[in-house]
Amino acid sequence: VASRPFPGLEIRLSHEAEILGTGGGLSNARRFFEDVEFFFVHNADVYCELDLGWALRTHTSSGALATLVVGEGAADRALLVNGEGKLKGWIGEEGEKIAPQAGNNLRRVDLCGIHIVSREIFDYISEEKGMFSILRPYMRAVSQGRDIRALDLGGNFWLDAGTPQALETLQKRLGSPGFVAS
């Protein structure tokens with residue numbers, strides 16, 4: 001990534017000696033975000049054909065603390081959003097519900113591994129240490145009245161390419177020659 005030019009885009013890499021999760025990784029890389037108003041968090045194994053410029057404009061016009069790209073809710077872990085697309089809760093891996101502002105008619109959606117986050121998120125991360133999910137600070141922010149929005153993928157293609165089978169699917173879609181993932 002560092003050897004390829006991406007005009008108009010600054011890419012910074014942060015090494016993790018141990019896996020820290022999205023929240024821990026973001027906390028570890030905090031120094032990179034001190035001079036920016038907002039930034040993208042994009043899982044490395046996620047491929048998505050969503051117009052990220054449009055997603056950024058949507059985020060900045062909403063005034064939200066974070067905007068999370070989401071798809072249809074089929075996973076065991078899911079976000080709970082209201083009819084306005086505001087995050088209201090989370091169903092974790094063990095089935096626990098964390099819903100500080102739960103209400104009726106909440107919809108389950110899957111987080112697609114793409115976030116647009118305002119620098120103020122660090123106010124909610126600071127008490128966390130080591131490996132942790134970014135969803136804990138998001139839920140803390142929601143419980144304190146902050147607005148975190150879900151941005152629906154719509155019909156845009158998305159794939160978590162973190163398995164050999166998914167990577168093969170992506171290679172077929174892109175028409176790229178295969179390579180062996182180790």
# chains A, B, ... in the order shown; residues from 1 in each chain; ligands from 1
>>> residues_around(residues="range 160-177 of chain A", least_positions_apart="2", cutoff="12 Å", atoms="only C-alpha atoms", output="list in words")
His42, Asn43, Ala44, Asp45, Val46, Tyr47, Cys48, Glu49, Gly71, Asp110, Leu111, Cys112, Gly113, Ile114, Phe157, Trp158, Phe179, Val180, Ala181 and Ser182 of chain A
>>> write_last_selection(atoms="N, CA, C and O atoms", output="CSV table (one decimal), in the first residue's frame")
chain,number,residue,atom,x,y,z
A,42,HIS,N,-11.6,1.3,7.7
A,42,HIS,CA,-12.0,0.4,6.7
A,42,HIS,C,-11.3,-0.9,6.9
A,42,HIS,O,-10.1,-1.0,6.8
A,43,ASN,N,-12.0,-2.0,7.3
A,43,ASN,CA,-11.4,-3.3,7.5
A,43,ASN,C,-10.6,-3.7,6.3
A,43,ASN,O,-11.1,-3.6,5.1
A,44,ALA,N,-9.4,-4.2,6.5
A,44,ALA,CA,-8.6,-4.6,5.4
A,44,ALA,C,-9.1,-5.7,4.5
A,44,ALA,O,-8.8,-5.8,3.3
A,45,ASP,N,-9.9,-6.6,5.1
A,45,ASP,CA,-10.4,-7.7,4.3
A,45,ASP,C,-11.8,-7.4,3.7
A,45,ASP,O,-12.5,-8.4,3.2
A,46,VAL,N,-12.3,-6.2,3.7
A,46,VAL,CA,-13.6,-5.8,3.1
A,46,VAL,C,-13.4,-5.2,1.8
A,46,VAL,O,-12.6,-4.3,1.6
A,47,TYR,N,-14.2,-5.7,0.8
A,47,TYR,CA,-14.3,-5.1,-0.5
A,47,TYR,C,-15.7,-4.6,-0.6
A,47,TYR,O,-16.7,-5.3,-0.3
A,48,CYS,N,-15.9,-3.4,-1.1
A,48,CYS,CA,-17.2,-2.7,-1.2
A,48,CYS,C,-17.2,-1.8,-2.4
A,48,CYS,O,-16.2,-1.1,-2.6
A,49,GLU,N,-18.3,-1.8,-3.1
A,49,GLU,CA,-18.4,-0.9,-4.3
A,49,GLU,C,-19.3,0.3,-4.0
A,49,GLU,O,-19.7,1.0,-4.9
A,71,GLY,N,-25.4,-3.5,6.1
A,71,GLY,CA,-26.2,-4.3,5.2
A,71,GLY,C,-27.3,-4.9,5.9
A,71,GLY,O,-27.6,-4.7,7.1
A,110,ASP,N,-26.2,-5.5,9.7
A,110,ASP,CA,-24.8,-5.9,9.9
A,110,ASP,C,-23.9,-4.8,9.6
A,110,ASP,O,-24.0,-4.1,8.6
A,111,LEU,N,-22.9,-4.7,10.4
A,111,LEU,CA,-21.8,-3.7,10.2
A,111,LEU,C,-20.9,-4.3,9.1
A,111,LEU,O,-20.5,-5.4,9.2
A,112,CYS,N,-20.6,-3.5,8.1
A,112,CYS,CA,-19.9,-4.0,6.9
A,112,CYS,C,-18.4,-3.7,7.0
A,112,CYS,O,-17.7,-3.9,6.0
A,113,GLY,N,-17.9,-3.2,8.1
A,113,GLY,CA,-16.5,-2.9,8.3
A,113,GLY,C,-16.0,-1.6,7.7
A,113,GLY,O,-14.8,-1.4,7.5
A,114,ILE,N,-16.9,-0.7,7.5
A,114,ILE,CA,-16.5,0.6,7.0
A,114,ILE,C,-17.2,1.7,7.9
A,114,ILE,O,-18.4,1.6,8.1
A,157,PHE,N,-22.5,-3.9,-4.0
A,157,PHE,CA,-21.8,-5.1,-3.7
A,157,PHE,C,-20.9,-4.9,-2.5
A,157,PHE,O,-20.1,-3.9,-2.5
A,158,TRP,N,-20.9,-5.9,-1.6
A,158,TRP,CA,-20.0,-5.9,-0.5
A,158,TRP,C,-19.6,-7.3,-0.2
A,158,TRP,O,-20.4,-8.3,-0.3
A,179,PHE,N,-4.4,-15.9,-6.6
A,179,PHE,CA,-3.1,-16.1,-5.9
A,179,PHE,C,-3.4,-16.9,-4.6
A,179,PHE,O,-4.5,-17.0,-4.2
A,180,VAL,N,-2.3,-17.4,-4.1
A,180,VAL,CA,-2.5,-18.3,-2.9
A,180,VAL,C,-2.4,-17.4,-1.7
A,180,VAL,O,-1.5,-16.7,-1.5
A,181,ALA,N,-3.5,-17.5,-0.9
A,181,ALA,CA,-3.5,-16.7,0.4
A,181,ALA,C,-2.9,-17.6,1.4
A,181,ALA,O,-3.2,-18.8,1.5
A,182,SER,N,-2.0,-17.1,2.2
A,182,SER,CA,-1.3,-17.9,3.3
A,182,SER,C,-1.8,-17.5,4.6
A,182,SER,O,-2.4,-16.5,4.8
>>> residues_around(residues="Ile11 in chain A", least_positions_apart="6", cutoff="12 Å", atoms="only C-alpha atoms", output="ChimeraX atom specification")
/A:1-5,32-33,39-42
>>> residues_around(residues="Leu20 in chain A", least_positions_apart="2", cutoff="10 Å", atoms="only C-alpha atoms", output="PyMOL selection string")
chain A and resi 16-18+22-28+129-133
>>> write_last_selection(atoms="C-alpha atoms", output="tab-separated table (two decimals), in the first residue's frame")
chain	number	residue	atom	x	y	z
A	16	GLU	CA	-0.15	-4.06	16.17
A	17	ALA	CA	2.19	-6.54	17.84
A	18	GLU	CA	-0.98	-8.28	19.09
A	22	THR	CA	-11.14	-2.32	15.74
A	23	GLY	CA	-11.44	-0.30	18.94
A	24	GLY	CA	-8.02	-1.20	20.29
A	25	GLY	CA	-6.42	-0.65	16.89
A	26	LEU	CA	-8.02	2.77	16.60
A	27	SER	CA	-6.87	3.68	20.11
A	28	ASN	CA	-3.35	2.50	19.21
A	129	LYS	CA	-7.35	-0.66	27.06
A	130	GLY	CA	-5.90	-3.52	25.00
A	131	MET	CA	-8.12	-5.45	22.61
A	132	PHE	CA	-11.72	-4.24	22.37
A	133	SER	CA	-14.56	-3.77	19.94
>>> residues_around(residues="Ala150 in chain A", least_positions_apart="2", cutoff="9 Å", atoms="only C-alpha atoms", output="MDAnalysis selection string")
chainID A and resid 66:70 79 81 84:87 109 111 148 152
>>> residues_around(residues="Leu56 in chain A", least_positions_apart="3", cutoff="10 Å", atoms="only C-alpha atoms", output="PyMOL selection string")
chain A and resi 38-40+51-53+59-62+67+115-117
>>> select_by_dssp(residues="chain A", states="strand (DSSP E)", output="ChimeraX atom specification")
/A:38-42,46-48,66-72,78-81,87-91,97-98,107-118,148-152,158-160
>>> select_by_dssp(residues="chain A", states="helix (DSSP H, G or I)", output="ChimeraX atom specification")
/A:21-28,30-33,52-62,119-125,135-143,164-174
